[in-house]
>>> print(open('my_file.csv').read())   # CSV, C-alpha atoms and all ligand atoms
chain,number,residue,atom,x,y,z
X,1,MET,CA,19.3,-7.8,-23.3
X,2,ALA,CA,16.7,-5.1,-23.0
X,3,SER,CA,15.4,-3.8,-26.3
X,4,PHE,CA,14.0,-0.3,-26.9
X,5,ASN,CA,12.2,1.2,-29.8
X,6,LEU,CA,13.5,4.6,-30.9
X,7,LEU,CA,12.0,7.0,-33.4
X,8,LEU,CA,14.7,9.2,-35.0
X,9,LEU,CA,13.4,12.5,-36.4
X,10,PRO,CA,16.6,14.2,-37.8
X,11,GLY,CA,14.7,17.2,-39.3
X,12,ASP,CA,16.5,20.0,-41.2
X,13,GLY,CA,19.9,21.7,-41.5
X,14,ILE,CA,22.4,20.2,-39.1
X,15,GLY,CA,19.8,17.9,-37.6
X,16,PRO,CA,20.6,15.0,-39.9
X,17,GLU,CA,24.3,15.5,-39.4
X,18,VAL,CA,24.3,15.3,-35.6
X,19,MET,CA,21.7,12.5,-35.7
X,20,THR,CA,24.2,10.3,-37.7
X,21,GLU,CA,26.6,10.5,-34.8
X,22,VAL,CA,23.9,9.4,-32.3
X,23,LYS,CA,23.3,6.3,-34.4
X,24,LYS,CA,27.0,5.4,-34.1
X,25,VAL,CA,26.7,5.7,-30.3
X,26,ALA,CA,23.5,3.6,-30.2
X,27,ASP,CA,25.1,1.0,-32.5
X,28,PHE,CA,28.1,0.8,-30.2
X,29,LEU,CA,26.0,0.3,-27.1
X,30,GLY,CA,24.2,-2.5,-28.9
X,31,GLN,CA,27.4,-4.2,-29.9
X,32,ALA,CA,28.7,-3.8,-26.4
X,33,GLY,CA,25.7,-5.7,-25.1
X,34,LEU,CA,24.3,-2.9,-23.0
X,35,ALA,CA,21.0,-2.7,-24.8
X,36,ARG,CA,19.4,-3.2,-28.2
X,37,PHE,CA,17.9,-0.2,-30.0
X,38,GLU,CA,15.4,-0.8,-32.8
X,39,THR,CA,15.4,2.5,-34.7
X,40,GLU,CA,13.0,3.9,-37.2
X,41,THR,CA,13.6,7.2,-39.0
X,42,ASP,CA,11.0,9.7,-40.3
X,43,LEU,CA,10.7,13.2,-41.6
X,44,VAL,CA,9.9,16.3,-39.6
X,45,GLY,CA,10.0,20.1,-40.2
X,46,GLY,CA,10.9,21.5,-43.6
X,47,ALA,CA,11.9,18.1,-44.9
X,48,ALA,CA,8.4,16.7,-44.0
X,49,PHE,CA,6.8,19.8,-45.6
X,50,ASP,CA,8.7,19.2,-48.9
X,51,ALA,CA,7.6,15.5,-48.9
X,52,HIS,CA,4.1,15.7,-47.5
X,53,GLY,CA,3.0,19.3,-47.5
X,54,LYS,CA,2.9,19.4,-43.7
X,55,ALA,CA,5.5,19.6,-40.9
X,56,ILE,CA,4.9,16.1,-39.7
X,57,SER,CA,2.9,13.3,-41.4
X,58,GLU,CA,0.1,11.3,-39.6
X,59,ASP,CA,2.2,8.2,-40.1
X,60,ALA,CA,5.2,9.8,-38.3
X,61,MET,CA,2.9,10.9,-35.5
X,62,LYS,CA,1.6,7.3,-35.1
X,63,ARG,CA,5.2,6.1,-34.9
X,64,ALA,CA,6.1,8.8,-32.3
X,65,LEU,CA,3.1,7.7,-30.2
X,66,ALA,CA,4.1,4.1,-30.4
X,67,ALA,CA,7.9,4.6,-29.8
X,68,ASP,CA,9.6,4.1,-26.4
X,69,ALA,CA,11.2,7.5,-27.0
X,70,VAL,CA,11.7,10.1,-29.8
X,71,LEU,CA,15.0,11.6,-30.7
X,72,PHE,CA,14.6,14.9,-32.5
X,73,GLY,CA,17.3,16.8,-34.3
X,74,ALA,CA,16.3,20.4,-35.3
X,75,VAL,CA,13.9,22.0,-37.8
X,76,GLY,CA,13.6,25.2,-39.8
X,77,GLY,CA,15.7,27.3,-42.2
X,78,PRO,CA,15.4,30.1,-44.7
X,79,LYS,CA,14.1,27.7,-47.4
X,80,TRP,CA,10.7,27.5,-45.5
X,81,ALA,CA,10.4,31.1,-44.5
X,82,LYS,CA,7.4,31.6,-46.7
X,83,VAL,CA,5.4,28.4,-46.1
X,84,PRO,CA,1.9,29.0,-44.6
X,85,TYR,CA,2.1,29.6,-40.8
X,86,GLU,CA,0.3,26.3,-39.9
X,87,HIS,CA,2.8,24.3,-41.9
X,88,ARG,CA,6.0,26.1,-40.8
X,89,PRO,CA,8.7,23.6,-39.7
X,90,GLU,CA,8.3,24.4,-36.0
X,91,ALA,CA,4.7,23.2,-36.2
X,92,GLY,CA,6.0,19.6,-36.4
X,93,LEU,CA,7.7,20.0,-33.0
X,94,LEU,CA,4.7,21.7,-31.4
X,95,ARG,CA,2.4,18.9,-32.7
X,96,LEU,CA,4.7,16.3,-31.1
X,97,ARG,CA,4.7,18.2,-27.8
X,98,LYS,CA,1.0,18.6,-27.8
X,99,ASP,CA,0.0,15.0,-28.9
X,100,LEU,CA,2.6,13.3,-26.6
X,101,GLN,CA,1.5,15.7,-23.8
X,102,LEU,CA,5.0,16.6,-23.0
X,103,PHE,CA,4.5,18.9,-20.0
X,104,ALA,CA,8.0,18.8,-18.4
X,105,ASN,CA,11.0,20.2,-20.1
X,106,LEU,CA,14.4,19.2,-18.5
X,107,ARG,CA,17.4,21.2,-19.3
X,108,PRO,CA,20.6,20.3,-17.5
X,109,ALA,CA,23.4,22.9,-17.4
X,110,VAL,CA,26.7,21.0,-16.9
X,111,CYS,CA,30.1,22.7,-17.2
X,112,TYR,CA,32.7,20.2,-18.3
X,113,PRO,CA,36.0,21.1,-16.6
X,114,ALA,CA,37.8,21.2,-20.0
X,115,LEU,CA,35.4,24.0,-21.1
X,116,ALA,CA,35.3,26.1,-18.0
X,117,ASP,CA,37.2,28.9,-19.8
X,118,SER,CA,34.6,29.0,-22.6
X,119,SER,CA,32.0,30.5,-20.4
X,120,SER,CA,31.4,34.2,-20.0
X,121,LEU,CA,31.7,33.7,-16.2
X,122,LYS,CA,34.9,33.2,-14.2
X,123,ARG,CA,36.2,29.6,-14.0
X,124,GLU,CA,35.7,29.3,-10.2
X,125,ILE,CA,32.0,30.2,-10.6
X,126,ILE,CA,31.1,27.6,-13.2
X,127,GLU,CA,33.7,24.8,-12.9
X,128,GLY,CA,32.0,21.6,-11.8
X,129,LEU,CA,28.5,23.2,-12.4
X,130,ASP,CA,25.7,20.6,-12.7
X,131,ILE,CA,22.2,22.0,-12.3
X,132,MET,CA,18.8,21.0,-13.8
X,133,ILE,CA,16.1,23.4,-14.8
X,134,VAL,CA,12.6,21.9,-14.9
X,135,ARG,CA,10.3,24.0,-16.9
X,136,GLU,CA,6.5,23.5,-17.2
X,137,LEU,CA,5.9,23.4,-21.0
X,138,THR,CA,2.3,23.2,-21.8
X,139,GLY,CA,0.6,25.8,-19.6
X,140,GLY,CA,1.0,29.3,-18.4
X,141,VAL,CA,1.1,32.6,-20.3
X,142,TYR,CA,2.0,31.1,-23.6
X,143,PHE,CA,-1.3,29.2,-23.8
X,144,GLY,CA,-3.7,31.0,-21.4
X,145,GLU,CA,-6.9,32.6,-22.8
X,146,PRO,CA,-7.7,35.3,-23.5
X,147,LYS,CA,-4.7,35.9,-25.7
X,148,GLU,CA,-5.4,38.7,-28.1
X,149,ILE,CA,-4.7,42.2,-29.4
X,150,VAL,CA,-7.9,44.3,-29.5
X,151,THR,CA,-8.5,47.8,-30.8
X,152,LEU,CA,-10.1,50.1,-28.2
X,153,GLU,CA,-12.8,52.7,-28.9
X,154,ASN,CA,-10.1,55.5,-28.9
X,155,GLY,CA,-8.2,53.6,-31.6
X,156,GLU,CA,-5.5,52.5,-29.3
X,157,LYS,CA,-4.6,48.8,-29.2
X,158,ARG,CA,-4.5,46.6,-26.2
X,159,ALA,CA,-2.6,43.3,-26.0
X,160,VAL,CA,-3.5,40.6,-23.5
X,161,ASP,CA,-1.7,37.4,-22.5
X,162,THR,CA,-3.1,35.4,-19.7
X,163,GLN,CA,-1.1,33.5,-17.1
X,164,VAL,CA,-3.1,30.5,-15.9
X,165,TYR,CA,-2.2,27.5,-13.8
X,166,THR,CA,-4.3,24.8,-12.1
X,167,THR,CA,-3.3,22.8,-9.0
X,168,HIS,CA,-3.0,19.7,-11.1
X,169,GLU,CA,-0.5,21.3,-13.6
X,170,ILE,CA,1.7,22.6,-10.7
X,171,GLU,CA,1.5,19.3,-8.8
X,172,ARG,CA,2.7,17.1,-11.7
X,173,ILE,CA,5.7,19.4,-12.6
X,174,ALA,CA,6.6,19.6,-8.9
X,175,ARG,CA,6.7,15.8,-8.7
X,176,VAL,CA,9.1,15.7,-11.7
X,177,ALA,CA,11.4,18.1,-10.0
X,178,PHE,CA,11.3,16.3,-6.6
X,179,ASP,CA,11.9,12.9,-8.3
X,180,LEU,CA,14.9,14.3,-10.1
X,181,ALA,CA,16.3,15.9,-6.9
X,182,LYS,CA,16.1,12.5,-5.2
X,183,VAL,CA,18.6,11.0,-7.6
X,184,ARG,CA,20.7,14.1,-7.7
X,185,ARG,CA,21.7,16.3,-4.7
X,186,ASN,CA,18.3,16.3,-3.0
X,187,LYS,CA,17.4,20.0,-3.3
X,188,VAL,CA,14.6,21.8,-5.2
X,189,THR,CA,14.4,25.5,-5.7
X,190,SER,CA,10.9,26.7,-6.8
X,191,SER,CA,11.1,29.9,-8.7
X,192,GLU,CA,8.0,32.1,-9.2
X,193,LYS,CA,6.8,35.6,-8.4
X,194,HIS,CA,4.5,35.0,-5.4
X,195,ASN,CA,5.1,38.6,-4.4
X,196,VAL,CA,3.2,40.1,-7.4
X,197,MET,CA,1.3,37.3,-9.2
X,198,ARG,CA,-1.7,35.3,-8.0
X,199,SER,CA,-0.4,32.3,-10.1
X,200,GLY,CA,2.9,32.7,-8.2
X,201,VAL,CA,1.0,32.5,-4.8
X,202,LEU,CA,-0.7,29.2,-6.0
X,203,TRP,CA,2.5,27.9,-7.4
X,204,LYS,CA,4.4,28.4,-4.1
X,205,GLU,CA,1.5,26.9,-2.1
X,206,VAL,CA,1.2,23.8,-4.2
X,207,VAL,CA,4.9,23.1,-4.6
X,208,SER,CA,5.3,23.5,-0.8
X,209,LYS,CA,2.4,21.1,-0.1
X,210,ILE,CA,3.8,18.4,-2.5
X,211,GLY,CA,7.2,18.8,-0.9
X,212,ALA,CA,6.0,18.5,2.6
X,213,SER,CA,3.6,15.7,2.1
X,214,GLU,CA,5.4,13.5,-0.5
X,215,TYR,CA,9.0,14.4,-0.4
X,216,PRO,CA,9.8,15.4,3.2
X,217,ASP,CA,13.5,14.4,2.8
X,218,VAL,CA,14.1,16.7,-0.2
X,219,GLU,CA,15.2,20.3,0.8
X,220,LEU,CA,13.0,22.9,-0.8
X,221,ASP,CA,13.4,26.6,-1.0
X,222,HIS,CA,11.7,29.4,-3.0
X,223,HIS,CA,13.5,32.1,-5.0
X,224,LEU,CA,11.6,34.9,-6.7
X,225,ALA,CA,12.2,34.4,-10.5
X,226,ASP,CA,14.1,37.7,-10.9
X,227,ALA,CA,16.4,37.0,-7.9
X,228,CYS,CA,16.9,33.5,-9.3
X,229,GLY,CA,18.1,34.9,-12.6
X,230,MET,CA,20.5,37.1,-10.7
X,231,GLN,CA,21.8,34.2,-8.5
X,232,LEU,CA,22.3,32.0,-11.6
X,233,VAL,CA,25.0,34.4,-12.8
X,234,ARG,CA,26.3,35.2,-9.3
X,235,TRP,CA,26.7,31.7,-7.8
X,236,PRO,CA,24.9,29.0,-9.9
X,237,LYS,CA,26.5,26.1,-7.9
X,238,GLN,CA,24.0,26.8,-5.0
X,239,TYR,CA,21.3,25.2,-7.1
X,240,ASP,CA,20.5,21.5,-7.8
X,241,VAL,CA,17.0,21.4,-9.4
X,242,ILE,CA,15.1,24.6,-10.2
X,243,VAL,CA,11.4,24.2,-11.0
X,244,CYS,CA,9.5,27.0,-12.7
X,245,ASP,CA,6.6,27.9,-15.0
X,246,ASN,CA,6.7,28.1,-18.7
X,247,LEU,CA,7.7,31.8,-19.0
X,248,PHE,CA,10.2,32.0,-16.2
X,249,GLY,CA,11.6,28.6,-17.3
X,250,ASP,CA,12.1,29.8,-20.8
X,251,MET,CA,14.3,32.7,-19.5
X,252,LEU,CA,16.1,30.9,-16.7
X,253,SER,CA,17.0,28.0,-18.8
X,254,ASP,CA,18.6,30.3,-21.4
X,255,ILE,CA,20.6,32.0,-18.7
X,256,ALA,CA,21.7,28.7,-17.4
X,257,ALA,CA,22.6,27.6,-21.0
X,258,MET,CA,25.0,30.4,-21.5
X,259,LEU,CA,26.9,29.4,-18.3
X,260,THR,CA,28.2,26.4,-20.0
X,261,GLY,CA,29.7,27.9,-23.2
X,262,SER,CA,28.2,26.8,-26.6
X,263,LEU,CA,24.7,26.0,-27.8
X,264,GLY,CA,26.2,22.9,-29.4
X,265,MET,CA,26.7,21.4,-25.9
X,266,LEU,CA,23.2,21.6,-24.5
X,267,PRO,CA,20.9,18.6,-24.4
X,268,SER,CA,17.2,18.5,-23.3
X,269,ALA,CA,14.4,16.2,-22.5
X,270,SER,CA,10.6,16.7,-22.6
X,271,LEU,CA,8.6,14.3,-20.6
X,272,GLY,CA,4.9,13.4,-20.5
X,273,ALA,CA,2.8,11.9,-17.7
X,274,PRO,CA,3.6,8.3,-16.6
X,275,ASP,CA,1.3,5.7,-18.2
X,276,GLU,CA,-1.1,4.3,-15.6
X,277,LYS,CA,-0.4,0.7,-16.4
X,278,THR,CA,3.3,0.7,-17.3
X,279,GLY,CA,4.6,3.8,-15.5
X,280,GLN,CA,6.4,4.6,-18.8
X,281,ARG,CA,6.4,8.3,-19.8
X,282,LYS,CA,6.1,9.5,-23.4
X,283,ALA,CA,9.4,11.4,-24.1
X,284,LEU,CA,11.2,13.4,-26.7
X,285,TYR,CA,14.9,14.3,-26.5
X,286,GLU,CA,16.5,17.1,-28.5
X,287,PRO,CA,19.4,19.4,-28.5
X,288,VAL,CA,18.6,23.0,-27.4
X,289,HIS,CA,20.1,24.4,-30.6
X,290,GLY,CA,18.3,24.9,-33.9
X,291,SER,CA,19.1,23.8,-37.5
X,292,ALA,CA,22.1,26.2,-37.8
X,293,PRO,CA,21.6,27.0,-41.5
X,294,ASP,CA,24.9,29.0,-41.5
X,295,ILE,CA,26.9,25.9,-41.0
X,296,ALA,CA,24.6,23.2,-42.4
X,297,GLY,CA,26.0,20.7,-44.9
X,298,GLN,CA,29.6,21.6,-44.0
X,299,GLY,CA,30.2,18.9,-41.4
X,300,LEU,CA,31.1,21.5,-38.8
X,301,ALA,CA,28.3,21.0,-36.3
X,302,ASN,CA,29.1,20.0,-32.8
X,303,PRO,CA,27.2,16.7,-32.2
X,304,ILE,CA,27.6,16.7,-28.3
X,305,ALA,CA,24.2,18.3,-27.6
X,306,MET,CA,22.5,15.6,-29.7
X,307,ILE,CA,24.6,12.8,-28.2
X,308,GLY,CA,24.0,14.2,-24.7
X,309,SER,CA,20.2,14.2,-25.4
X,310,PHE,CA,20.5,10.5,-26.2
X,311,GLY,CA,22.4,10.1,-22.9
X,312,MET,CA,19.4,11.7,-21.2
X,313,CYS,CA,17.1,9.3,-23.0
X,314,LEU,CA,19.1,6.3,-21.7
X,315,ARG,CA,18.8,7.6,-18.2
X,316,TYR,CA,15.3,8.9,-18.0
X,317,SER,CA,13.3,6.8,-20.5
X,318,PHE,CA,15.2,3.5,-20.4
X,319,GLY,CA,16.7,3.4,-16.9
X,320,LEU,CA,20.1,2.5,-18.4
X,321,VAL,CA,22.1,4.5,-15.8
X,322,GLN,CA,25.4,2.7,-16.5
X,323,ALA,CA,25.1,3.4,-20.2
X,324,ALA,CA,24.1,7.0,-19.6
X,325,ASP,CA,27.1,7.5,-17.2
X,326,LEU,CA,29.3,5.9,-19.9
X,327,VAL,CA,28.2,8.3,-22.6
X,328,GLU,CA,28.7,11.3,-20.3
X,329,ARG,CA,32.2,10.2,-19.3
X,330,ALA,CA,33.1,9.6,-22.9
X,331,ILE,CA,32.1,13.1,-23.8
X,332,ALA,CA,34.1,14.5,-20.8
X,333,ASP,CA,37.1,12.4,-21.7
X,334,VAL,CA,37.1,13.6,-25.3
X,335,LEU,CA,36.9,17.2,-24.2
X,336,ALA,CA,39.6,16.7,-21.7
X,337,SER,CA,41.8,15.3,-24.5
X,338,GLY,CA,41.5,18.6,-26.2
X,339,THR,CA,39.3,17.5,-29.1
X,340,ARG,CA,37.1,20.4,-30.1
X,341,THR,CA,34.6,21.3,-32.8
X,342,ARG,CA,34.8,24.9,-34.1
X,343,ASP,CA,32.2,26.3,-31.8
X,344,ILE,CA,34.1,25.3,-28.6
X,345,ALA,CA,37.7,25.6,-29.9
X,346,ASP,CA,40.0,28.3,-28.7
X,347,LYS,CA,40.5,31.2,-31.2
X,348,GLY,CA,43.0,30.0,-33.7
X,349,GLY,CA,43.0,26.5,-32.2
X,350,ASN,CA,42.6,23.2,-34.2
X,351,ALA,CA,39.0,22.1,-34.7
X,352,VAL,CA,37.5,18.7,-35.8
X,353,GLY,CA,34.3,18.2,-37.8
X,354,THR,CA,31.0,16.6,-36.8
X,355,LYS,CA,32.1,13.1,-37.9
X,356,GLU,CA,35.5,13.2,-36.2
X,357,MET,CA,33.9,14.4,-32.9
X,358,GLY,CA,31.3,11.5,-33.1
X,359,ASP,CA,34.1,9.0,-33.9
X,360,ALA,CA,36.2,10.3,-30.9
X,361,ILE,CA,33.2,9.8,-28.6
X,362,VAL,CA,32.7,6.3,-29.8
X,363,GLY,CA,36.4,5.7,-29.4
X,364,ALA,CA,36.3,6.9,-25.8
X,365,LEU,CA,33.2,4.6,-25.2
X,366,LYS,CA,35.2,1.7,-26.5
X,367,ARG,CA,38.0,2.4,-24.1
X,368,LEU,CA,35.7,3.0,-21.1
X,369,ALA,CA,33.4,0.0,-21.8
R,401,LIG,P1,20.6,28.0,-34.1
R,401,LIG,O1,20.6,27.3,-32.8
R,401,LIG,O2,20.2,27.1,-35.3
R,401,LIG,O3,22.0,28.7,-34.4
R,401,LIG,C1,22.5,29.8,-33.6
R,401,LIG,C2,24.0,29.8,-33.8
R,401,LIG,O4,24.6,28.7,-33.1
R,401,LIG,C3,24.5,29.7,-35.2
R,401,LIG,O5,25.6,30.5,-35.4
R,401,LIG,C4,24.9,28.2,-35.3
R,401,LIG,O6,25.9,28.0,-36.3
R,401,LIG,C5,25.4,27.9,-33.9
R,401,LIG,N1,25.1,26.5,-33.6
R,401,LIG,C6,23.9,26.0,-33.3
R,401,LIG,N2,24.0,24.7,-33.0
R,401,LIG,C7,25.3,24.4,-33.2
R,401,LIG,C8,26.1,23.2,-33.1
R,401,LIG,N3,25.5,22.0,-32.8
R,401,LIG,N4,27.4,23.2,-33.4
R,401,LIG,C9,28.0,24.4,-33.7
R,401,LIG,N5,27.3,25.5,-33.8
R,401,LIG,C10,26.0,25.5,-33.6
R,401,LIG,O7,19.5,29.2,-34.0
R,401,LIG,P2,19.0,30.2,-35.1
R,401,LIG,O8,20.1,30.6,-36.0
R,401,LIG,O9,18.3,31.3,-34.3
R,401,LIG,O10,17.9,29.4,-35.9
R,401,LIG,C11,18.2,28.7,-37.1
R,401,LIG,C12,16.9,27.9,-37.5
R,401,LIG,O11,16.7,27.0,-36.5
R,401,LIG,C13,15.7,28.8,-37.5
R,401,LIG,O12,14.9,28.4,-38.6
R,401,LIG,C14,15.0,28.5,-36.2
R,401,LIG,O13,13.6,28.7,-36.3
R,401,LIG,C15,15.3,27.1,-36.0
R,401,LIG,N6,15.3,26.6,-34.6
R,401,LIG,C16,14.8,25.4,-34.4
R,401,LIG,C17,14.8,24.9,-33.1
R,401,LIG,C18,14.4,23.5,-33.0
R,401,LIG,O14,14.3,22.7,-33.9
R,401,LIG,N7,14.1,23.0,-31.7
R,401,LIG,C19,15.3,25.6,-32.1
R,401,LIG,C20,15.8,26.9,-32.3
R,401,LIG,C21,15.8,27.4,-33.6
>>> encode(input="my_file.csv", output="structure tokens", more="lines below")
Ligand code: NAD
Amino acid sequence: MASFNLLLLPGDGIGPEVMTEVKKVADFLGQAGLARFETETDLVGGAAFDAHGKAISEDAMKRALAADAVLFGAVGGPKWAKVPYEHRPEAGLLRLRKDLQLFANLRPAVCYPALADSSSLKREIIEGLDIMIVRELTGGVYFGEPKEIVTLENGEKRAVDTQVYTTHEIERIARVAFDLAKVRRNKVTSSEKHNVMRSGVLWKEVVSKIGASEYPDVELDHHLADACGMQLVRWPKQYDVIVCDNLFGDMLSDIAAMLTGSLGMLPSASLGAPDEKTGQRKALYEPVHGSAPDIAGQGLANPIAMIGSFGMCLRYSFGLVQAADLVERAIADVLASGTRTRDIADKGGNAVGTKEMGDAIVGALKRLA
């Protein structure tokens, strides 16, 4: 039986609560003989600051670099609002992204039929939706230099952010998108602003070149980022994989997120470059939501985004497609049976807690396996 080494970083707030449910799922898959998971747990975020005075210890970083994959809960909360900027809880996540060189952020937006009425869009527009946003995560306007606010001679201030992309950065994110499309519905939409931005011109040129030379069988089209945002709420099912830069990806993935209902439902993956010898990518999987201090400690959090993130880990890091399908079907079955946490329950409807939702998913896994 294949064995994988997982580092669990539950973090703060509801992070540890939802991570507990993932452990149950991993334990079940082990018992069912689908794979063995060796897990280690460490601190990150506010919890790490309290213990070590920094948002992630060097020891935890070493473990993250050595692990086959990292599962990350959530960090932050009012308790750490006044800690020095460089030690704020989010610094732990940024360090992980930087040191593991996680340049590709994958955010699926899947609408489970049972939740089609929870979206702000009409059922027919989102029912059966299954799209993937691939966002470049380590370049672009969030990191480009110069990045500054300067005071001009007349006393006015001038702020500058710089959008920068190199061919190599665009090529590697394009390949991630095309590879994903090949195992999905074979279509990539590249979203940029080639009409008004030089970086958009290069983005379009490089993605087109990679598509034509390396993935001639994958359909490719280009949508200007603003039009893509509009199309995402008009007819999202036209898309399969959307690839975009850091800034547009930030916005488009949040739009796509809202198509599916609750923050508690959204998983994500961040991938690094494949290792030259093993082909294995460094990877971190996390729910899109934060630490939800308003409900932390009450057993109310929806664990589906965290469990779905583990499902992505099974698929993209471990190649355990059957186990990943099983986890996704178990989630769909539980939702179809009407089991809901408070965030996805109908107004006035019955809701279960975090543990009950986790148990229901493990119960569904047992029936399906
Ligand atoms: P949040 O995602 O924590 O919460 C937003 C709202 O969604 C809250 O009402 C919360 O109760 C609800 N919610 C979130 N996840 C849920 C779940 N699984 N089940 C049910 N309801 C859920 O965002 P926020 O309130 O803006 O931020 C809270 C803290 O989290 C802040 O300190 C912020 O910096 C941090 N944060 C961390 C991450 C991360 O760790 N990656 C991401 C976003 C925010």
>>> closest_atom_pairs(input="my_file.csv", of="chain X", to="ligand LIG 401 (chain R)", cutoff="9 Å", atoms="all atoms listed in the file", output="JSON lines")
{"residue": "X:Gly11", "atom": "CA", "partner": "R:LIG401", "partner_atom": "O14", "distance": 7.7}
{"residue": "X:Asp12", "atom": "CA", "partner": "R:LIG401", "partner_atom": "O14", "distance": 8.1}
{"residue": "X:Gly13", "atom": "CA", "partner": "R:LIG401", "partner_atom": "O11", "distance": 8.0}
{"residue": "X:Ile14", "atom": "CA", "partner": "R:LIG401", "partner_atom": "N3", "distance": 7.2}
{"residue": "X:Gly15", "atom": "CA", "partner": "R:LIG401", "partner_atom": "O14", "distance": 8.2}
{"residue": "X:Val18", "atom": "CA", "partner": "R:LIG401", "partner_atom": "N3", "distance": 7.4}
{"residue": "X:Gly45", "atom": "CA", "partner": "R:LIG401", "partner_atom": "O14", "distance": 8.1}
{"residue": "X:Phe72", "atom": "CA", "partner": "R:LIG401", "partner_atom": "O14", "distance": 7.9}
{"residue": "X:Gly73", "atom": "CA", "partner": "R:LIG401", "partner_atom": "O14", "distance": 6.6}
{"residue": "X:Ala74", "atom": "CA", "partner": "R:LIG401", "partner_atom": "O14", "distance": 3.4}
{"residue": "X:Val75", "atom": "CA", "partner": "R:LIG401", "partner_atom": "O14", "distance": 4.0}
{"residue": "X:Gly76", "atom": "CA", "partner": "R:LIG401", "partner_atom": "O12", "distance": 3.7}
{"residue": "X:Gly77", "atom": "CA", "partner": "R:LIG401", "partner_atom": "O12", "distance": 3.8}
{"residue": "X:Pro78", "atom": "CA", "partner": "R:LIG401", "partner_atom": "O12", "distance": 6.4}
{"residue": "X:Lys79", "atom": "CA", "partner": "R:LIG401", "partner_atom": "O12", "distance": 8.9}
{"residue": "X:Trp80", "atom": "CA", "partner": "R:LIG401", "partner_atom": "O12", "distance": 8.1}
{"residue": "X:Ala81", "atom": "CA", "partner": "R:LIG401", "partner_atom": "O12", "distance": 7.9}
{"residue": "X:Pro89", "atom": "CA", "partner": "R:LIG401", "partner_atom": "O13", "distance": 7.8}
{"residue": "X:Glu90", "atom": "CA", "partner": "R:LIG401", "partner_atom": "O14", "distance": 6.6}
{"residue": "X:Leu93", "atom": "CA", "partner": "R:LIG401", "partner_atom": "N7", "distance": 7.2}
{"residue": "X:Ser262", "atom": "CA", "partner": "R:LIG401", "partner_atom": "N5", "distance": 7.4}
{"residue": "X:Leu263", "atom": "CA", "partner": "R:LIG401", "partner_atom": "N2", "distance": 5.4}
{"residue": "X:Gly264", "atom": "CA", "partner": "R:LIG401", "partner_atom": "N3", "distance": 3.6}
{"residue": "X:Met265", "atom": "CA", "partner": "R:LIG401", "partner_atom": "N3", "distance": 7.0}
{"residue": "X:Leu266", "atom": "CA", "partner": "R:LIG401", "partner_atom": "N3", "distance": 8.6}
{"residue": "X:Glu286", "atom": "CA", "partner": "R:LIG401", "partner_atom": "N7", "distance": 7.1}
{"residue": "X:Pro287", "atom": "CA", "partner": "R:LIG401", "partner_atom": "N7", "distance": 7.2}
{"residue": "X:Val288", "atom": "CA", "partner": "R:LIG401", "partner_atom": "N7", "distance": 6.2}
{"residue": "X:His289", "atom": "CA", "partner": "R:LIG401", "partner_atom": "O1", "distance": 3.7}
{"residue": "X:Gly290", "atom": "CA", "partner": "R:LIG401", "partner_atom": "O2", "distance": 3.2}
{"residue": "X:Ser291", "atom": "CA", "partner": "R:LIG401", "partner_atom": "O2", "distance": 4.1}
{"residue": "X:Ala292", "atom": "CA", "partner": "R:LIG401", "partner_atom": "O2", "distance": 3.3}
{"residue": "X:Pro293", "atom": "CA", "partner": "R:LIG401", "partner_atom": "C11", "distance": 5.8}
{"residue": "X:Asp294", "atom": "CA", "partner": "R:LIG401", "partner_atom": "O6", "distance": 5.4}
{"residue": "X:Ile295", "atom": "CA", "partner": "R:LIG401", "partner_atom": "O6", "distance": 5.2}
{"residue": "X:Ala296", "atom": "CA", "partner": "R:LIG401", "partner_atom": "O6", "distance": 7.9}
{"residue": "X:Leu300", "atom": "CA", "partner": "R:LIG401", "partner_atom": "C9", "distance": 6.6}
{"residue": "X:Ala301", "atom": "CA", "partner": "R:LIG401", "partner_atom": "N4", "distance": 3.7}
{"residue": "X:Asn302", "atom": "CA", "partner": "R:LIG401", "partner_atom": "N4", "distance": 3.7}
{"residue": "X:Pro303", "atom": "CA", "partner": "R:LIG401", "partner_atom": "N3", "distance": 5.6}
{"residue": "X:Ile304", "atom": "CA", "partner": "R:LIG401", "partner_atom": "N3", "distance": 7.3}
{"residue": "X:Ala305", "atom": "CA", "partner": "R:LIG401", "partner_atom": "N3", "distance": 6.5}
{"residue": "X:Met306", "atom": "CA", "partner": "R:LIG401", "partner_atom": "N3", "distance": 7.7}
{"residue": "X:Thr341", "atom": "CA", "partner": "R:LIG401", "partner_atom": "C9", "distance": 7.3}
{"residue": "X:Arg342", "atom": "CA", "partner": "R:LIG401", "partner_atom": "C9", "distance": 6.8}
{"residue": "X:Asp343", "atom": "CA", "partner": "R:LIG401", "partner_atom": "C9", "distance": 5.0}
{"residue": "X:Ile344", "atom": "CA", "partner": "R:LIG401", "partner_atom": "C9", "distance": 8.0}
{"residue": "X:Thr354", "atom": "CA", "partner": "R:LIG401", "partner_atom": "N4", "distance": 8.3}
>>> atom_distance(input="my_file.csv", atom1="atom CA of Thr278 of chain X", atom2="atom CA of Asp68 of chain X")
11.6 Å
>>> residues_around(input="my_file.csv", residues="segment 184-200 of chain X", least_positions_apart="6", cutoff="9 Å", atoms="all atoms listed in the file", output="PyMOL selection string")
chain X and resi 140+163-166+174+177-178+207-208+217-228+239-245+248-249
>>> closest_residue(input="my_file.csv", among="X:Ala69, X:Ala48, X:Ala60, X:Leu180", to="Gln280 of chain X", atoms="only C-alpha atoms")
X:Ala69
>>> closest_residue(input="my_file.csv", among="X:Ala66, X:Val233, X:Ala345, X:Val362", to="Leu252 of chain X", atoms="all atoms listed in the file")
X:Val233
